[in-house]
Each structure stands twice: as C-alpha cells, then as structure tokens.
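Chemist: Contents of work15.pdb (PDB, C-alpha atoms) are below:
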```
ATOM      1  CA  MET A   1     145.494  57.508  37.094  1.00  0.00           C
ATOM      2  CA  TYR A   2     147.339  54.258  36.998  1.00  0.00           C
ATOM      3  CA  MET A   3     147.344  50.704  38.088  1.00  0.00           C
ATOM      4  CA  THR A   4     150.748  49.142  38.442  1.00  0.00           C
ATOM      5  CA  ASP A   5     149.911  46.037  36.425  1.00  0.00           C
ATOM      6  CA  LYS A   6     148.878  47.917  33.266  1.00  0.00           C
ATOM      7  CA  PRO A   7     151.297  49.704  30.930  1.00  0.00           C
ATOM      8  CA  SER A   8     150.888  53.414  30.299  1.00  0.00           C
ATOM      9  CA  THR A   9     149.437  54.317  26.917  1.00  0.00           C
ATOM     10  CA  GLY A  10     150.536  57.957  26.862  1.00  0.00           C
ATOM     11  CA  PHE A  11     148.766  61.181  27.766  1.00  0.00           C
ATOM     12  CA  SER A  12     145.184  61.965  26.888  1.00  0.00           C
ATOM     13  CA  ARG A  13     143.392  65.241  27.538  1.00  0.00           C
ATOM     14  CA  ARG A  14     141.670  63.660  30.542  1.00  0.00           C
ATOM     15  CA  GLY A  15     145.004  62.244  31.705  1.00  0.00           C
ATOM     16  CA  LEU A  16     146.589  65.687  31.601  1.00  0.00           C
ATOM     17  CA  LEU A  17     143.651  67.081  33.596  1.00  0.00           C
ATOM     18  CA  GLY A  18     144.237  64.301  36.114  1.00  0.00           C
ATOM     19  CA  VAL A  19     147.938  65.166  36.396  1.00  0.00           C
ATOM     20  CA  PHE A  20     147.041  68.828  36.893  1.00  0.00           C
ATOM     21  CA  ALA A  21     144.419  67.899  39.480  1.00  0.00           C
ATOM     22  CA  ALA A  22     146.859  65.615  41.289  1.00  0.00           C
ATOM     23  CA  THR A  23     149.231  68.533  41.786  1.00  0.00           C
ATOM     24  CA  MET A  24     146.349  70.499  43.277  1.00  0.00           C
ATOM     25  CA  VAL A  25     145.697  67.858  45.954  1.00  0.00           C
ATOM     26  CA  VAL A  26     148.658  69.132  47.938  1.00  0.00           C
ATOM     27  CA  ALA A  27     147.284  72.674  47.944  1.00  0.00           C
ATOM     28  CA  ALA A  28     143.669  71.686  48.647  1.00  0.00           C
ATOM     29  CA  PRO A  29     142.296  72.623  52.072  1.00  0.00           C
ATOM     30  CA  THR A  30     141.831  69.973  54.722  1.00  0.00           C
ATOM     31  CA  TYR A  31     138.176  69.596  55.651  1.00  0.00           C
ATOM     32  CA  THR A  32     137.300  69.209  59.295  1.00  0.00           C
ATOM     33  CA  ASN A  33     134.090  67.483  58.283  1.00  0.00           C
ATOM     34  CA  ALA A  34     133.819  65.023  55.433  1.00  0.00           C
ATOM     35  CA  PHE A  35     130.444  66.477  54.433  1.00  0.00           C
ATOM     36  CA  GLY A  36     132.218  69.254  52.543  1.00  0.00           C
ATOM     37  CA  LEU A  37     134.274  66.741  50.605  1.00  0.00           C
ATOM     38  CA  LEU A  38     131.389  64.369  49.925  1.00  0.00           C
ATOM     39  CA  LYS A  39     128.802  66.952  48.917  1.00  0.00           C
ATOM     40  CA  GLY A  40     130.882  69.879  47.671  1.00  0.00           C
ATOM     41  CA  ALA A  41     131.170  70.933  44.054  1.00  0.00           C
ATOM     42  CA  GLY A  42     134.274  72.166  42.293  1.00  0.00           C
ATOM     43  CA  ASP A  43     136.644  69.864  44.137  1.00  0.00           C
ATOM     44  CA  ILE A  44     138.789  66.912  43.214  1.00  0.00           C
ATOM     45  CA  ARG A  45     138.598  63.505  44.815  1.00  0.00           C
ATOM     46  CA  ARG A  46     141.407  60.997  44.981  1.00  0.00           C
ATOM     47  CA  ILE A  47     141.607  57.376  46.102  1.00  0.00           C
ATOM     48  CA  ARG A  48     144.791  55.457  46.945  1.00  0.00           C
ATOM     49  CA  MET A  49     144.778  51.712  47.618  1.00  0.00           C
ATOM     50  CA  TYR A  50     146.827  48.585  47.156  1.00  0.00           C
ATOM     51  CA  SER A  51     145.908  44.926  47.283  1.00  0.00           C
ATOM     52  CA  GLY A  52     148.153  42.437  49.012  1.00  0.00           C
ATOM     53  CA  ARG A  53     146.143  39.668  47.318  1.00  0.00           C
ATOM     54  CA  THR A  54     146.775  40.735  43.713  1.00  0.00           C
ATOM     55  CA  GLY A  55     149.863  42.944  44.108  1.00  0.00           C
ATOM     56  CA  GLU A  56     148.062  45.792  42.325  1.00  0.00           C
ATOM     57  CA  SER A  57     147.816  49.388  43.415  1.00  0.00           C
ATOM     58  CA  ILE A  58     145.766  52.366  42.355  1.00  0.00           C
ATOM     59  CA  ASP A  59     146.353  56.063  43.000  1.00  0.00           C
ATOM     60  CA  THR A  60     143.940  58.164  41.029  1.00  0.00           C
ATOM     61  CA  ILE A  61     141.751  61.228  40.814  1.00  0.00           C
ATOM     62  CA  TYR A  62     138.225  59.941  40.139  1.00  0.00           C
ATOM     63  CA  TRP A  63     136.222  63.195  40.410  1.00  0.00           C
ATOM     64  CA  ILE A  64     137.010  66.610  38.931  1.00  0.00           C
ATOM     65  CA  GLU A  65     134.853  69.718  39.110  1.00  0.00           C
ATOM     66  CA  GLY A  66     131.642  67.945  40.060  1.00  0.00           C
ATOM     67  CA  ASP A  67     131.937  64.978  37.682  1.00  0.00           C
ATOM     68  CA  TYR A  68     132.981  61.393  38.181  1.00  0.00           C
ATOM     69  CA  ILE A  69     135.439  60.241  35.518  1.00  0.00           C
ATOM     70  CA  PRO A  70     133.855  57.131  33.935  1.00  0.00           C
ATOM     71  CA  GLU A  71     137.153  55.605  32.776  1.00  0.00           C
ATOM     72  CA  VAL A  72     138.578  55.906  36.265  1.00  0.00           C
ATOM     73  CA  LEU A  73     135.476  54.373  37.847  1.00  0.00           C
ATOM     74  CA  GLU A  74     136.005  51.397  35.508  1.00  0.00           C
ATOM     75  CA  GLU A  75     139.595  51.087  36.779  1.00  0.00           C
ATOM     76  CA  ILE A  76     138.295  51.135  40.365  1.00  0.00           C
ATOM     77  CA  ASN A  77     135.667  48.486  39.497  1.00  0.00           C
ATOM     78  CA  TYR A  78     138.446  46.245  38.189  1.00  0.00           C
ATOM     79  CA  PHE A  79     140.761  46.952  41.116  1.00  0.00           C
ATOM     80  CA  MET A  80     138.052  46.173  43.701  1.00  0.00           C
ATOM     81  CA  ARG A  81     136.952  42.939  41.967  1.00  0.00           C
ATOM     82  CA  ASP A  82     136.453  39.636  43.781  1.00  0.00           C
ATOM     83  CA  TRP A  83     140.033  38.361  43.693  1.00  0.00           C
ATOM     84  CA  ARG A  84     138.862  34.805  44.365  1.00  0.00           C
ATOM     85  CA  SER A  85     136.542  34.508  41.341  1.00  0.00           C
ATOM     86  CA  GLY A  86     137.763  37.377  39.165  1.00  0.00           C
ATOM     87  CA  GLY A  87     134.197  38.706  38.998  1.00  0.00           C
ATOM     88  CA  LYS A  88     133.592  42.424  39.106  1.00  0.00           C
ATOM     89  CA  THR A  89     130.663  44.789  39.456  1.00  0.00           C
ATOM     90  CA  LYS A  90     130.014  48.497  39.407  1.00  0.00           C
ATOM     91  CA  ILE A  91     131.358  49.891  42.685  1.00  0.00           C
ATOM     92  CA  ASP A  92     128.963  52.449  44.131  1.00  0.00           C
ATOM     93  CA  PRO A  93     130.668  55.879  43.826  1.00  0.00           C
ATOM     94  CA  ARG A  94     129.167  56.874  47.187  1.00  0.00           C
ATOM     95  CA  ASN A  95     131.315  54.241  48.845  1.00  0.00           C
ATOM     96  CA  ILE A  96     134.418  55.506  47.046  1.00  0.00           C
ATOM     97  CA  ASP A  97     133.533  58.990  48.341  1.00  0.00           C
ATOM     98  CA  ILE A  98     133.304  57.722  51.930  1.00  0.00           C
ATOM     99  CA  MET A  99     136.640  55.941  51.614  1.00  0.00           C
ATOM    100  CA  ALA A 100     138.309  59.020  50.088  1.00  0.00           C
ATOM    101  CA  ALA A 101     136.811  61.424  52.646  1.00  0.00           C
ATOM    102  CA  SER A 102     137.882  59.201  55.540  1.00  0.00           C
ATOM    103  CA  HIS A 103     141.394  58.953  54.109  1.00  0.00           C
ATOM    104  CA  ARG A 104     141.583  62.708  53.746  1.00  0.00           C
ATOM    105  CA  LEU A 105     140.423  63.244  57.335  1.00  0.00           C
ATOM    106  CA  LEU A 106     143.183  60.929  58.562  1.00  0.00           C
ATOM    107  CA  ASP A 107     145.780  63.169  56.866  1.00  0.00           C
ATOM    108  CA  VAL A 108     147.992  60.330  55.631  1.00  0.00           C
ATOM    109  CA  SER A 109     149.748  59.712  52.338  1.00  0.00           C
ATOM    110  CA  GLU A 110     149.832  55.942  52.892  1.00  0.00           C
ATOM    111  CA  PRO A 111     147.368  54.106  50.641  1.00  0.00           C
ATOM    112  CA  TYR A 112     144.654  51.904  52.080  1.00  0.00           C
ATOM    113  CA  MET A 113     145.253  48.176  51.982  1.00  0.00           C
ATOM    114  CA  LEU A 114     142.107  46.742  50.376  1.00  0.00           C
ATOM    115  CA  LEU A 115     141.191  43.457  52.031  1.00  0.00           C
ATOM    116  CA  SER A 116     137.792  43.024  50.412  1.00  0.00           C
ATOM    117  CA  GLY A 117     135.790  45.056  47.924  1.00  0.00           C
ATOM    118  CA  TYR A 118     133.229  43.376  45.681  1.00  0.00           C
ATOM    119  CA  ARG A 119     132.361  39.777  46.573  1.00  0.00           C
ATOM    120  CA  SER A 120     130.378  37.405  44.398  1.00  0.00           C
ATOM    121  CA  ALA A 121     127.426  35.703  46.081  1.00  0.00           C
ATOM    122  CA  GLN A 122     129.414  32.450  45.999  1.00  0.00           C
ATOM    123  CA  THR A 123     132.439  34.010  47.694  1.00  0.00           C
ATOM    124  CA  ASN A 124     130.216  35.631  50.301  1.00  0.00           C
ATOM    125  CA  ALA A 125     128.477  32.301  51.029  1.00  0.00           C
ATOM    126  CA  MET A 126     131.849  30.556  51.404  1.00  0.00           C
ATOM    127  CA  LEU A 127     133.102  33.255  53.808  1.00  0.00           C
ATOM    128  CA  ARG A 128     129.808  33.154  55.710  1.00  0.00           C
ATOM    129  CA  SER A 129     130.207  29.400  56.228  1.00  0.00           C
ATOM    130  CA  ARG A 130     133.575  30.093  57.886  1.00  0.00           C
ATOM    131  CA  SER A 131     132.702  33.161  59.986  1.00  0.00           C
ATOM    132  CA  ARG A 132     129.741  34.502  61.922  1.00  0.00           C
ATOM    133  CA  GLY A 133     130.872  38.051  61.042  1.00  0.00           C
ATOM    134  CA  VAL A 134     129.844  37.809  57.365  1.00  0.00           C
ATOM    135  CA  ALA A 135     126.329  39.051  56.605  1.00  0.00           C
ATOM    136  CA  ARG A 136     124.044  36.917  54.432  1.00  0.00           C
ATOM    137  CA  ASN A 137     123.067  39.938  52.293  1.00  0.00           C
ATOM    138  CA  SER A 138     126.399  41.729  52.563  1.00  0.00           C
ATOM    139  CA  LEU A 139     126.739  45.072  50.807  1.00  0.00           C
ATOM    140  CA  HIS A 140     129.998  43.691  49.382  1.00  0.00           C
ATOM    141  CA  ILE A 141     127.795  41.680  46.971  1.00  0.00           C
ATOM    142  CA  LYS A 142     126.280  44.938  45.665  1.00  0.00           C
ATOM    143  CA  GLY A 143     129.617  46.775  45.311  1.00  0.00           C
ATOM    144  CA  GLN A 144     128.703  49.048  48.212  1.00  0.00           C
ATOM    145  CA  ALA A 145     131.309  48.048  50.820  1.00  0.00           C
ATOM    146  CA  ALA A 146     135.029  47.746  51.413  1.00  0.00           C
ATOM    147  CA  ASP A 147     137.213  46.333  54.177  1.00  0.00           C
ATOM    148  CA  LEU A 148     140.305  48.503  54.610  1.00  0.00           C
ATOM    149  CA  ARG A 149     143.424  48.839  56.724  1.00  0.00           C
ATOM    150  CA  LEU A 150     146.102  51.483  57.275  1.00  0.00           C
ATOM    151  CA  LYS A 151     149.420  50.567  58.896  1.00  0.00           C
ATOM    152  CA  SER A 152     149.936  54.063  60.291  1.00  0.00           C
ATOM    153  CA  ARG A 153     146.507  54.401  61.936  1.00  0.00           C
ATOM    154  CA  SER A 154     144.628  52.255  64.414  1.00  0.00           C
ATOM    155  CA  VAL A 155     141.306  50.593  63.669  1.00  0.00           C
ATOM    156  CA  GLY A 156     139.731  53.080  66.067  1.00  0.00           C
ATOM    157  CA  GLN A 157     141.189  56.074  64.242  1.00  0.00           C
ATOM    158  CA  VAL A 158     140.093  54.842  60.809  1.00  0.00           C
ATOM    159  CA  ALA A 159     136.617  53.959  62.099  1.00  0.00           C
ATOM    160  CA  LYS A 160     136.240  57.361  63.752  1.00  0.00           C
ATOM    161  CA  ALA A 161     137.123  59.125  60.490  1.00  0.00           C
ATOM    162  CA  ALA A 162     134.652  56.976  58.541  1.00  0.00           C
ATOM    163  CA  ALA A 163     131.921  57.476  61.144  1.00  0.00           C
ATOM    164  CA  SER A 164     132.401  61.247  61.013  1.00  0.00           C
ATOM    165  CA  CYS A 165     131.233  61.129  57.376  1.00  0.00           C
ATOM    166  CA  ASN A 166     127.811  60.074  58.709  1.00  0.00           C
ATOM    167  CA  SER A 167     127.157  58.494  55.311  1.00  0.00           C
ATOM    168  CA  GLY A 168     126.992  54.721  55.820  1.00  0.00           C
ATOM    169  CA  GLY A 169     127.920  51.754  57.928  1.00  0.00           C
ATOM    170  CA  VAL A 170     131.210  51.510  59.794  1.00  0.00           C
ATOM    171  CA  GLY A 171     132.377  48.283  61.395  1.00  0.00           C
ATOM    172  CA  LYS A 172     135.447  47.991  63.614  1.00  0.00           C
ATOM    173  CA  TYR A 173     137.229  44.643  63.479  1.00  0.00           C
ATOM    174  CA  SER A 174     140.066  45.277  65.935  1.00  0.00           C
ATOM    175  CA  ARG A 175     141.195  41.645  66.278  1.00  0.00           C
ATOM    176  CA  SER A 176     141.478  41.330  62.491  1.00  0.00           C
ATOM    177  CA  ASN A 177     142.857  44.879  62.137  1.00  0.00           C
ATOM    178  CA  PHE A 178     140.482  46.337  59.561  1.00  0.00           C
ATOM    179  CA  VAL A 179     137.538  48.700  59.174  1.00  0.00           C
ATOM    180  CA  HIS A 180     134.453  47.972  57.104  1.00  0.00           C
ATOM    181  CA  MET A 181     132.999  51.013  55.282  1.00  0.00           C
ATOM    182  CA  ASP A 182     129.779  50.936  53.304  1.00  0.00           C
ATOM    183  CA  CYS A 183     127.245  53.335  51.795  1.00  0.00           C
ATOM    184  CA  GLY A 184     124.220  51.613  53.301  1.00  0.00           C
ATOM    185  CA  PRO A 185     122.236  52.918  56.285  1.00  0.00           C
ATOM    186  CA  VAL A 186     124.228  54.855  58.886  1.00  0.00           C
ATOM    187  CA  ARG A 187     125.203  52.460  61.675  1.00  0.00           C
ATOM    188  CA  LEU A 188     128.204  51.497  63.808  1.00  0.00           C
ATOM    189  CA  TRP A 189     129.318  48.123  65.186  1.00  0.00           C
ATOM    190  CA  GLY A 190     132.330  46.203  66.437  1.00  0.00           C
ATOM    191  CA  GLY A 191     135.085  46.722  68.885  1.00  0.00           C
TER     192      GLY A 191
END
```
In structure tokens, what does this structure look like?

Modeler:
Amino acid sequence: MYMTDKPSTGFSRRGLLGVFAATMVVAAPTYTNAFGLLKGAGDIRRIRMYSGRTGESIDTIYWIEGDYIPEVLEEINYFMRDWRSGGKTKIDPRNIDIMAASHRLLDVSEPYMLLSGYRSAQTNAMLRSRSRGVARNSLHIKGQAADLRLKSRSVGQVAKAAASCNSGGVGKYSRSNFVHMDCGPVRLWGG
C-alpha cells in the first residue's frame, strides 16, 4: 500500500503480505458478477484511485483472506477526505467494495479519478446551494459515497458495472462525466 505523498517506512509483515497479494491480483480470476467479489471469502481486494484536487494517489490491497486491513482503511479514509475542509470520516468498507468490484468488472488498470468522497455537512450545503443535483442528506456526508471517473471508459460503462453489483445507488452524470456510487439502497438515476 502506498500514497504518493507519504514516504515509505520500510517493510512490515503486513506490508510483505500486501506485496505478495498484489502479485496475485494478476493471476486472480475475473468475476462475471461482482457478487462473488463482494461476498466471497479467501480473496484479495484492491482499490486504485488518484485525486486531481490533492495530487495524491493510492493503489492498495485493503482486504486479504476475509479480513479488512485496518491500517489500509485508515489510509483510504485520509485519501477520500473532504479536500475543501480537510475533514475526514470513516469510509464505509461496503462502498470501497462496490468501487473495487466495479473496477474489476471493467477490466482496466487505470485508476479511478476521485472527484468527491467524504463531504462535511458544510461542504455539502455549499455545493447544494450551487446545484440542484446535490442531495440534502447526501451519503457523502456519512462516508458512504464516491463520485468517480475513468478516462478509458464511458459514464455508461462505469455505471453499468456499478449497477451490476446490485449493492447500492448508482448515478450517471454524463454531462459532468462521472458516476456516483454509494452503499445505500439499490437505485439508479441520471442520464
């Protein structure tokens, strides 16, 4: 696991397991349905993202053999913070699973561009005052949503992959070129 803005502190036992697991990603089978990835045991789960707002990137294994890696989840919490206020919260691991499963279904090595992860209530209110598309009680405030983009895939392709997980909300924002993914009730919107 790494974030580009933090120096490496050497190898730990968990770090070596992560390196081993990362080499196994290439050999892992491709699932035709994200359910196997989201609910299966004995697998590894990886998330790759970068932020154009902060210049940071993350490429990490966050789940090994049925267990989330707490230190990695903390890195993801920091990475997905509200870049406007600097505030962070615990990102719901179910949402990370949906993002990772969708990415895997798209069969790309390109990382997601994270447009919005956690939002403070103040940031959400400010965005809501500027756009009708921002929900008053957005799941971004609870750390349960992300707005993502891939250069190599269309909004429709990314949304279709996320919707196939059947695990939360998927919003298509074609004019703004991003897909909203959340771990709330299953629903679809946008065009």

Chemist: Considering all atoms listed in the file, give me a table of residues in region 55-132 of chain A that are at most 12 Å from region 160-183 of chain A, with the closest atom pair and distance in Å for each, as JSON lines.

Modeler:
```
{"residue": "A:Ile91", "atom": "CA", "partner": "A:Cys183", "partner_atom": "CA", "distance": 10.6}
{"residue": "A:Asp92", "atom": "CA", "partner": "A:Cys183", "partner_atom": "CA", "distance": 7.9}
{"residue": "A:Pro93", "atom": "CA", "partner": "A:Cys183", "partner_atom": "CA", "distance": 9.0}
{"residue": "A:Arg94", "atom": "CA", "partner": "A:Cys183", "partner_atom": "CA", "distance": 6.1}
{"residue": "A:Asn95", "atom": "CA", "partner": "A:Cys183", "partner_atom": "CA", "distance": 5.1}
{"residue": "A:Ile96", "atom": "CA", "partner": "A:Cys183", "partner_atom": "CA", "distance": 8.9}
{"residue": "A:Asp97", "atom": "CA", "partner": "A:Cys183", "partner_atom": "CA", "distance": 9.1}
{"residue": "A:Ile98", "atom": "CA", "partner": "A:Cys165", "partner_atom": "CA", "distance": 6.7}
{"residue": "A:Met99", "atom": "CA", "partner": "A:Met181", "partner_atom": "CA", "distance": 7.1}
{"residue": "A:Ala100", "atom": "CA", "partner": "A:Ala162", "partner_atom": "CA", "distance": 9.4}
{"residue": "A:Ala101", "atom": "CA", "partner": "A:Cys165", "partner_atom": "CA", "distance": 7.3}
{"residue": "A:Ser102", "atom": "CA", "partner": "A:Ala162", "partner_atom": "CA", "distance": 4.9}
{"residue": "A:His103", "atom": "CA", "partner": "A:Ala161", "partner_atom": "CA", "distance": 7.7}
{"residue": "A:Arg104", "atom": "CA", "partner": "A:Ala161", "partner_atom": "CA", "distance": 8.8}
{"residue": "A:Leu105", "atom": "CA", "partner": "A:Ala161", "partner_atom": "CA", "distance": 6.1}
{"residue": "A:Leu106", "atom": "CA", "partner": "A:Ala161", "partner_atom": "CA", "distance": 6.6}
{"residue": "A:Asp107", "atom": "CA", "partner": "A:Ala161", "partner_atom": "CA", "distance": 10.2}
{"residue": "A:Val108", "atom": "CA", "partner": "A:Ala161", "partner_atom": "CA", "distance": 12.0}
{"residue": "A:Tyr112", "atom": "CA", "partner": "A:Phe178", "partner_atom": "CA", "distance": 10.2}
{"residue": "A:Met113", "atom": "CA", "partner": "A:Phe178", "partner_atom": "CA", "distance": 9.1}
{"residue": "A:Leu114", "atom": "CA", "partner": "A:Phe178", "partner_atom": "CA", "distance": 9.3}
{"residue": "A:Leu115", "atom": "CA", "partner": "A:Phe178", "partner_atom": "CA", "distance": 8.1}
{"residue": "A:Ser116", "atom": "CA", "partner": "A:His180", "partner_atom": "CA", "distance": 9.0}
{"residue": "A:Gly117", "atom": "CA", "partner": "A:His180", "partner_atom": "CA", "distance": 9.7}
{"residue": "A:Tyr118", "atom": "CA", "partner": "A:Asp182", "partner_atom": "CA", "distance": 11.3}
```

Chemist: In Å, with one decimal, what is the gap from CA of Ile44 (chain A) to CA of Trp63 (chain A)?

Modeler: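 The value is 5.3 Å.
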
Chemist: Would you please work out which residue, of A:Gly190, A:Pro111, A:Arg81, A:Glu71, is nearest to Leu148 (chain A) when using all atoms listed in the file?

Modeler: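 The closest residue to Leu148 (chain A) is A:Pro111.
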
Chemist: Centre and edge lengths of an axis-aligned box around all listed atoms of region 76-92 of chain A, with 4 Å added on each side, are to be given in Å to one decimal, as AutoDock Vina command-line options.

Modeler:
```
--center_x 134.9 --center_y 43.5 --center_z 41.3 --size_x 19.8 --size_y 25.9 --size_z 14.2
```

Chemist: Would you work out the distance separating CA of Trp83 (chain A) from CA of Leu150 (chain A), expressed in Å to one decimal?

Modeler: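 Calculated distance between CA of Trp83 (chain A) and CA of Leu150 (chain A) is 19.8 Å.
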
Chemist: For the structure provided, state which residues fall under the PyMOL selection byres ((chain A and resi 87) around 10), and present them as JSON, numbers by chain.

Modeler: {"A": [77, 78, 80, 81, 82, 83, 84, 85, 86, 88, 89, 118, 119, 120]}

Chemist: What is the CA of Arg136 (chain A) to CA of Pro185 (chain A) distance in Å?

Modeler: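 Here the two named atoms are 16.2 Å from each other.
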
Chemist: Evaluate the PyMOL selection byres ((chain A and resi 75) around 12) on the structure here and hand back the selected residues as a PyMOL selection string.

Modeler: chain A and resi 1-6+47+56-62+69-74+76-81+88-91

Chemist: Using all atoms listed in the file, find the one residue out of A:Arg45, A:Arg187, A:His140, A:Arg153 that sits nearest to Gly66 (chain A).

Modeler: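 Among the listed residues, A:Arg45 lies closest to Gly66 (chain A).
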
Chemist: Out of A:Gly55, A:Trp189, A:Met49, A:Gly184, which residue has the shortest atom-to-atom distance to Ala145 (chain A) when counting only C-alpha atoms?

Modeler: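 Using only C-alpha atoms, Ala145 (chain A) sits closest to A:Gly184.
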
Chemist: Can you list, as a list in words, the residues that the PyMOL selection byres ((chain A and resi 65) around 6) selects here?

Modeler: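 After applying the PyMOL selection byres ((chain A and resi 65) around 6), what remains is Gly42, Asp43, Ile64, Gly66 and Asp67 of chain A.
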
Chemist: Restricting the output to C-alpha atoms, write the selected residues as a compact mmCIF listing (two decimals), in the coordinates of the input.

Modeler:
```txt
# COMPACT_ATOMS: atom_id res chain seq x y z
CA GLY A 42 134.27 72.17 42.29
CA ASP A 43 136.64 69.86 44.14
CA ILE A 64 137.01 66.61 38.93
CA GLY A 66 131.64 67.94 40.06
CA ASP A 67 131.94 64.98 37.68
```

Chemist: Could you rebuild region 136-144 of chain A with all heavy atoms and give me the result as an mmCIF file, keeping the file's coordinate frame?

Modeler:
```cif
data_model
loop_
_atom_site.group_PDB
_atom_site.id
_atom_site.type_symbol
_atom_site.label_atom_id
_atom_site.label_comp_id
_atom_site.auth_asym_id
_atom_site.auth_seq_id
_atom_site.Cartn_x
_atom_site.Cartn_y
_atom_site.Cartn_z
ATOM 1 N N ARG A 136 124.654 37.684 55.527
ATOM 2 C CA ARG A 136 124.044 36.917 54.432
ATOM 3 C C ARG A 136 123.844 37.809 53.200
ATOM 4 O O ARG A 136 124.148 37.424 52.084
ATOM 5 C CB ARG A 136 122.704 36.348 54.871
ATOM 6 C CG ARG A 136 122.001 35.562 53.774
ATOM 7 C CD ARG A 136 120.624 35.046 54.174
ATOM 8 N NE ARG A 136 120.550 34.445 55.479
ATOM 9 C CZ ARG A 136 120.816 33.163 55.760
ATOM 10 N NH1 ARG A 136 121.180 32.368 54.784
ATOM 11 N NH2 ARG A 136 120.718 32.706 56.988
ATOM 12 N N ASN A 137 123.316 38.995 53.388
ATOM 13 C CA ASN A 137 123.067 39.938 52.293
ATOM 14 C C ASN A 137 124.066 41.090 52.342
ATOM 15 O O ASN A 137 123.694 42.254 52.293
ATOM 16 C CB ASN A 137 121.629 40.466 52.352
ATOM 17 C CG ASN A 137 120.626 39.356 52.151
ATOM 18 O OD1 ASN A 137 120.773 38.545 51.244
ATOM 19 N ND2 ASN A 137 119.619 39.305 53.006
ATOM 20 N N SER A 138 125.327 40.749 52.424
ATOM 21 C CA SER A 138 126.399 41.729 52.563
ATOM 22 C C SER A 138 126.367 42.773 51.451
ATOM 23 O O SER A 138 126.115 42.457 50.283
ATOM 24 C CB SER A 138 127.752 41.005 52.532
ATOM 25 O OG SER A 138 128.807 41.926 52.458
ATOM 26 N N LEU A 139 126.647 44.006 51.805
ATOM 27 C CA LEU A 139 126.739 45.072 50.807
ATOM 28 C C LEU A 139 127.955 44.890 49.901
ATOM 29 O O LEU A 139 128.029 45.503 48.836
ATOM 30 C CB LEU A 139 126.738 46.435 51.485
ATOM 31 C CG LEU A 139 125.413 46.813 52.155
ATOM 32 C CD1 LEU A 139 125.524 48.151 52.863
ATOM 33 C CD2 LEU A 139 124.276 46.839 51.152
ATOM 34 N N HIS A 140 128.879 44.017 50.276
ATOM 35 C CA HIS A 140 129.998 43.691 49.382
ATOM 36 C C HIS A 140 129.463 43.095 48.077
ATOM 37 O O HIS A 140 130.014 43.332 47.006
ATOM 38 C CB HIS A 140 130.949 42.685 50.043
ATOM 39 C CG HIS A 140 131.811 43.251 51.114
ATOM 40 N ND1 HIS A 140 132.994 43.898 50.859
ATOM 41 C CD2 HIS A 140 131.662 43.248 52.464
ATOM 42 C CE1 HIS A 140 133.548 44.272 52.004
ATOM 43 N NE2 HIS A 140 132.755 43.893 52.994
ATOM 44 N N ILE A 141 128.379 42.323 48.153
ATOM 45 C CA ILE A 141 127.795 41.680 46.971
ATOM 46 C C ILE A 141 127.259 42.719 45.989
ATOM 47 O O ILE A 141 127.246 42.500 44.779
ATOM 48 C CB ILE A 141 126.664 40.699 47.388
ATOM 49 C CG1 ILE A 141 127.229 39.580 48.266
ATOM 50 C CG2 ILE A 141 125.964 40.105 46.170
ATOM 51 C CD1 ILE A 141 126.156 38.711 48.926
ATOM 52 N N LYS A 142 126.849 43.872 46.510
ATOM 53 C CA LYS A 142 126.280 44.938 45.665
ATOM 54 C C LYS A 142 127.325 45.975 45.241
ATOM 55 O O LYS A 142 126.984 46.962 44.591
ATOM 56 C CB LYS A 142 125.169 45.654 46.431
ATOM 57 C CG LYS A 142 124.008 44.754 46.783
ATOM 58 C CD LYS A 142 122.991 45.516 47.601
ATOM 59 C CE LYS A 142 121.837 44.617 47.996
ATOM 60 N NZ LYS A 142 120.843 45.327 48.794
ATOM 61 N N GLY A 143 128.588 45.785 45.630
ATOM 62 C CA GLY A 143 129.617 46.775 45.311
ATOM 63 C C GLY A 143 129.490 48.034 46.148
ATOM 64 O O GLY A 143 129.884 49.116 45.716
ATOM 65 N N GLN A 144 128.951 47.893 47.348
ATOM 66 C CA GLN A 144 128.703 49.048 48.212
ATOM 67 C C GLN A 144 129.492 48.997 49.518
ATOM 68 O O GLN A 144 129.144 49.698 50.475
ATOM 69 C CB GLN A 144 127.210 49.155 48.529
ATOM 70 C CG GLN A 144 126.367 49.419 47.306
ATOM 71 C CD GLN A 144 124.891 49.503 47.631
ATOM 72 O OE1 GLN A 144 124.388 48.862 48.540
ATOM 73 N NE2 GLN A 144 124.184 50.325 46.871
#
```
